[in-house]
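Here's the structure, in structure tokens; my notes come after.
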Amino acid sequence: MTVKTRFAPSPTGYLHVGGARTALYSWLFAKSQGGEFVLRIEDTDLERNSQEAVDAILEGMQWLGLEWNEGPYFQTQRFDRYNEMVDKLLAEDKAYKCYASKELLDEVRAEQEANKEMPRYDADHPKIKAVNEAAKEGDPCVIRFRNPKSGSVVFDDQIRGRIEISNSQMDDLIIRRTDGSPTYNFCVVVDDWDMGITHVIRGEDHINNTPRQINIYEALGAPVPTFAHCAMILGDDGAKLSKRHGAVSVMQYRDMGYLPVALNNYLVRLGWSHGDQEIFSQEEMINLFSLNAISKSASAFNTDKLLWLNNHYIKTSEPEYVAEHLQWHLDQKGINKNNGPVITEVIKLVGERCNTLVELADQIAYFYHDFDAFDADAAKKHLRGVAKEPLELALAKVEALSEWTTENLHQVIADVCTELEIGMGKIGMPLRVAVTGGGQSPSVDAVMQLIGKERVVARIKMALAFIAEREANAQ
Ligand code: GLU
């Protein structure tokens with residue numbers, strides 16, 4: 001039997017990180033079993049669903065690289081099929097028409113509460129029975145599923161273990177509303193059956209639906225899939241992760257400069273483990289993933305760990321991969337990568353210093369665009385009178401260089417130190433501020449090599465002009 005999993009979001013907003021984790025687990029499980037992964041959009045709530053939300057989900061899934069083998073299916077396109085199945089259950093007397101009005105149901109509920117009974121729909125209540133017997137064909141009605149009265153539903157949740165719910169705790173679920181539309185729990189079952197889903201991996205907020213759904217599978221004569229319900233994700237204060245804790249939408253993580261590999265690695269570990277291992281390549285995740293290693297307890301979101309992973313992946317990924325994802329950030333900041341050195345070389349040099357792609361984009365701007373002013377603090381400290389002579393000498397040597405290599409540039413700095421009998425810092429820092437505009441950068445020889453001769457020369461001259469002006473003003 002081919003394993004088939006699905007991710008079935010309701011398009012009410014963006015793709016939430018909790019949803020993304022569920023999608024990732026479903027995707028990984030399918031991959032790990034050589035199976036297939038289906039994307040289904042549960043868009044039956046016409047008031048809360050929107051096309052923008054559908055687009056946001058697809059964008060998030062694509063950005064994370066969670067490709068689906070089938071779909072996206074849309075529930076709104078499958079109403080005929082759901083109704084066909086409602087009719088089948090009606091014909092088999094596994095479902096029935098109920099004519100009780102809302103007022104009557106409220107009245108029965110109040111009565112039950114007054115008698116300290118569990119409030120629930122009771123088809124045998126004399127008032128409901130009377131209304132249903134008196135109704136005529138064509139009167140407005142809902143269709144209810146005839147839930148078994150006795151026995152219990154037992155299932156073996158792959159994460160939480162054996163779960164048993166007595167049928168006496170379930171009432172007859174509405175499967176078609178008065179307006180003819182099928183209801184959520186029914187559509188899910190028909191879909192999972194039609195789509196051949198073997199494993200339903202979803203959030204534990206759906207666990208109460210599962211026994212009801214299992215009864216519907218059985219009534220339809222459909223095979224019951226295996227279930228795995230994942231625990232919640234909490235914020236750092238122990239409350240359910242929400243906007244209040246910061247970013248919850250997957251695309252916000254893109255905006256904040258995370259790489260999808262880092263977010264996936266973070267999310268897989270948020271509730272799943274393989275010993276103490278923290279870093280998993282995609283291939284390792286697929287090979288090692290298993291449902292029973294998912295934790296039963298809730299996991300807390302930890303931004304520091306995510307940053308650490310992101311730094312790891314910026315440092316260790318192929319620079320081409322980093323460049324592909326950096327592009328969006330360069331566009332945001334108006335940095336034109338054609339206006340300077342090959343971007344992958346710059347990434348190799350600067351990447352390891354950055355936790356996010358936002359930082360990386362900020363830190364590489366000077367390779368591509370000239371600046372009109374030096375960072376004020378750095379200039380105040382390092383572009384002073386004492387830096388004039390070393391910078392002048394460095395400029396002369398740099399201009400005279402015939403081969404523009406990091407080694408030769410390194411030698412220029414060493415020679416300036418020897419000739420002027422000064423320490424490395426006396427030329428290194430002024431040079432750094434001159435060519436980068438600020439006080440922080442990787443090794444200045446490698447930086448100059450990438451920036452290129454013309455720009456380096458112009459920038460040292462600009463620094464010398466700055467020093468001259470400063471000295472003139474001081475007199
Ligand atoms: N549409 C449901 C949700 O977004 C998921 C239902 C399911 O996975 O069975 O929460």
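Ordered as shown in the structure tokens, chains take letters A, B, and onward, while each chain numbers its residues from 1 and ligands are numbered from 1 in the order shown.
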Excluding A:Lys4 and any residue of its chain fewer than 6 positions from it, enumerate the residues within 8 Å of it, using only C-alpha atoms, and give them as a PDB file with N, CA and C atoms, in the first residue's frame.
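Final output, selection_4.pdb:
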```pdb
ATOM      1  N   ALA A  30       5.525  11.084   4.226  1.00  0.00           N
ATOM      2  CA  ALA A  30       5.280  10.543   2.882  1.00  0.00           C
ATOM      3  C   ALA A  30       6.611  10.229   2.190  1.00  0.00           C
ATOM      4  N   GLY A  35       6.178   7.538  -0.285  1.00  0.00           N
ATOM      5  CA  GLY A  35       4.765   7.761  -0.591  1.00  0.00           C
ATOM      6  C   GLY A  35       4.490   9.105  -1.250  1.00  0.00           C
ATOM      7  N   GLU A  36       3.239   9.544  -1.158  1.00  0.00           N
ATOM      8  CA  GLU A  36       2.835  10.780  -1.823  1.00  0.00           C
ATOM      9  C   GLU A  36       2.191  11.748  -0.851  1.00  0.00           C
ATOM     10  N   PHE A  37       2.244  13.000  -1.235  1.00  0.00           N
ATOM     11  CA  PHE A  37       1.766  14.065  -0.368  1.00  0.00           C
ATOM     12  C   PHE A  37       0.762  14.916  -1.150  1.00  0.00           C
ATOM     13  N   VAL A  38      -0.387  15.121  -0.519  1.00  0.00           N
ATOM     14  CA  VAL A  38      -1.491  15.812  -1.193  1.00  0.00           C
ATOM     15  C   VAL A  38      -1.733  17.156  -0.497  1.00  0.00           C
ATOM     16  N   GLY A 196      -7.418   8.685  -1.078  1.00  0.00           N
ATOM     17  CA  GLY A 196      -6.582   7.526  -0.711  1.00  0.00           C
ATOM     18  C   GLY A 196      -5.592   7.831   0.396  1.00  0.00           C
ATOM     19  N   ILE A 197      -5.984   8.734   1.300  1.00  0.00           N
ATOM     20  CA  ILE A 197      -5.071   9.116   2.388  1.00  0.00           C
ATOM     21  C   ILE A 197      -4.929   7.948   3.376  1.00  0.00           C
ATOM     22  N   THR A 198      -3.691   7.553   3.617  1.00  0.00           N
ATOM     23  CA  THR A 198      -3.457   6.429   4.540  1.00  0.00           C
ATOM     24  C   THR A 198      -3.109   6.919   5.942  1.00  0.00           C
ATOM     25  N   HIS A 199      -2.510   8.111   6.021  1.00  0.00           N
ATOM     26  CA  HIS A 199      -2.083   8.638   7.322  1.00  0.00           C
ATOM     27  C   HIS A 199      -2.515  10.092   7.454  1.00  0.00           C
TER      28      HIS A 199
END
```
For chain A against ligand 1, with a cut-off of 9 Å and counting only C-alpha atoms and all ligand atoms, what is the closest atom pair and its distance in Å to one decimal for every residue that makes the cut, ordered by chain and number, as CSV?
```
residue,atom,partner,partner_atom_place_in_ligand_line,distance
A:Arg6,CA,ligand 1,8 (O),7.7
A:Phe7,CA,ligand 1,8 (O),6.2
A:Ala8,CA,ligand 1,5 (C),4.9
A:Pro9,CA,ligand 1,4 (O),3.7
A:Ser10,CA,ligand 1,4 (O),4.1
A:Pro11,CA,ligand 1,4 (O),7.4
A:Thr12,CA,ligand 1,4 (O),8.5
A:Gly19,CA,ligand 1,4 (O),7.6
A:Thr22,CA,ligand 1,8 (O),8.7
A:Arg40,CA,ligand 1,1 (N),8.6
A:Ile41,CA,ligand 1,1 (N),7.4
A:Glu42,CA,ligand 1,1 (N),5.2
A:Asp43,CA,ligand 1,1 (N),8.1
A:Tyr184,CA,ligand 1,1 (N),8.4
A:Asn185,CA,ligand 1,9 (O),8.2
A:Val188,CA,ligand 1,9 (O),6.2
A:Val189,CA,ligand 1,9 (O),8.5
A:Asp192,CA,ligand 1,9 (O),8.6
A:Val200,CA,ligand 1,8 (O),6.9
A:Ile201,CA,ligand 1,8 (O),6.8
A:Arg202,CA,ligand 1,8 (O),4.8
A:Gly203,CA,ligand 1,8 (O),7.1
A:Asp205,CA,ligand 1,10 (O),7.7
A:His206,CA,ligand 1,9 (O),6.7
A:Asn209,CA,ligand 1,9 (O),8.5
A:Thr210,CA,ligand 1,9 (O),8.6
```
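The closest residue to A:Cys187, picked from A:Gln252, A:Pro140, A:Phe74, A:Gly275 and counting only C-alpha atoms, is A:Phe74.
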A:Lys94 proximity check over A:Arg384, A:His369, A:Lys348, A:Arg144, using only C-alpha atoms: winner is A:Arg144
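Residues lying within 8 Å of A:Lys453, counting only C-alpha atoms and ignoring same-chain neighbours fewer than 4 positions away, are A:Val398, A:Glu399, A:Trp404, A:Met448, A:Gln449, A:Val457.
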Distance criterion (only C-alpha atoms): nearest to A:Tyr25 out of A:Val131, A:Met232, A:Leu66, A:Ala91 = A:Leu66
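Residues in contact range of stretch 299-306 of chain A, defined as at most 9 Å between only C-alpha atoms, with sequence neighbours fewer than 6 positions away removed, read Ala231, Met232, Ile233, Leu234, Gly235, Asp236, Asp237, Gly238, Ala239, Lys240, Leu241, Tyr258, Ala262, Leu263, Asn265, Tyr266, Leu267, Leu270 and Gly271 of chain A.
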Exercise: A:Leu288 partners within 8 Å, only C-alpha atoms, chain neighbours under 2 positions left out, as a list in words | Ser32, His274, Glu284, Met285, Ile286 and Ser290 of chain A
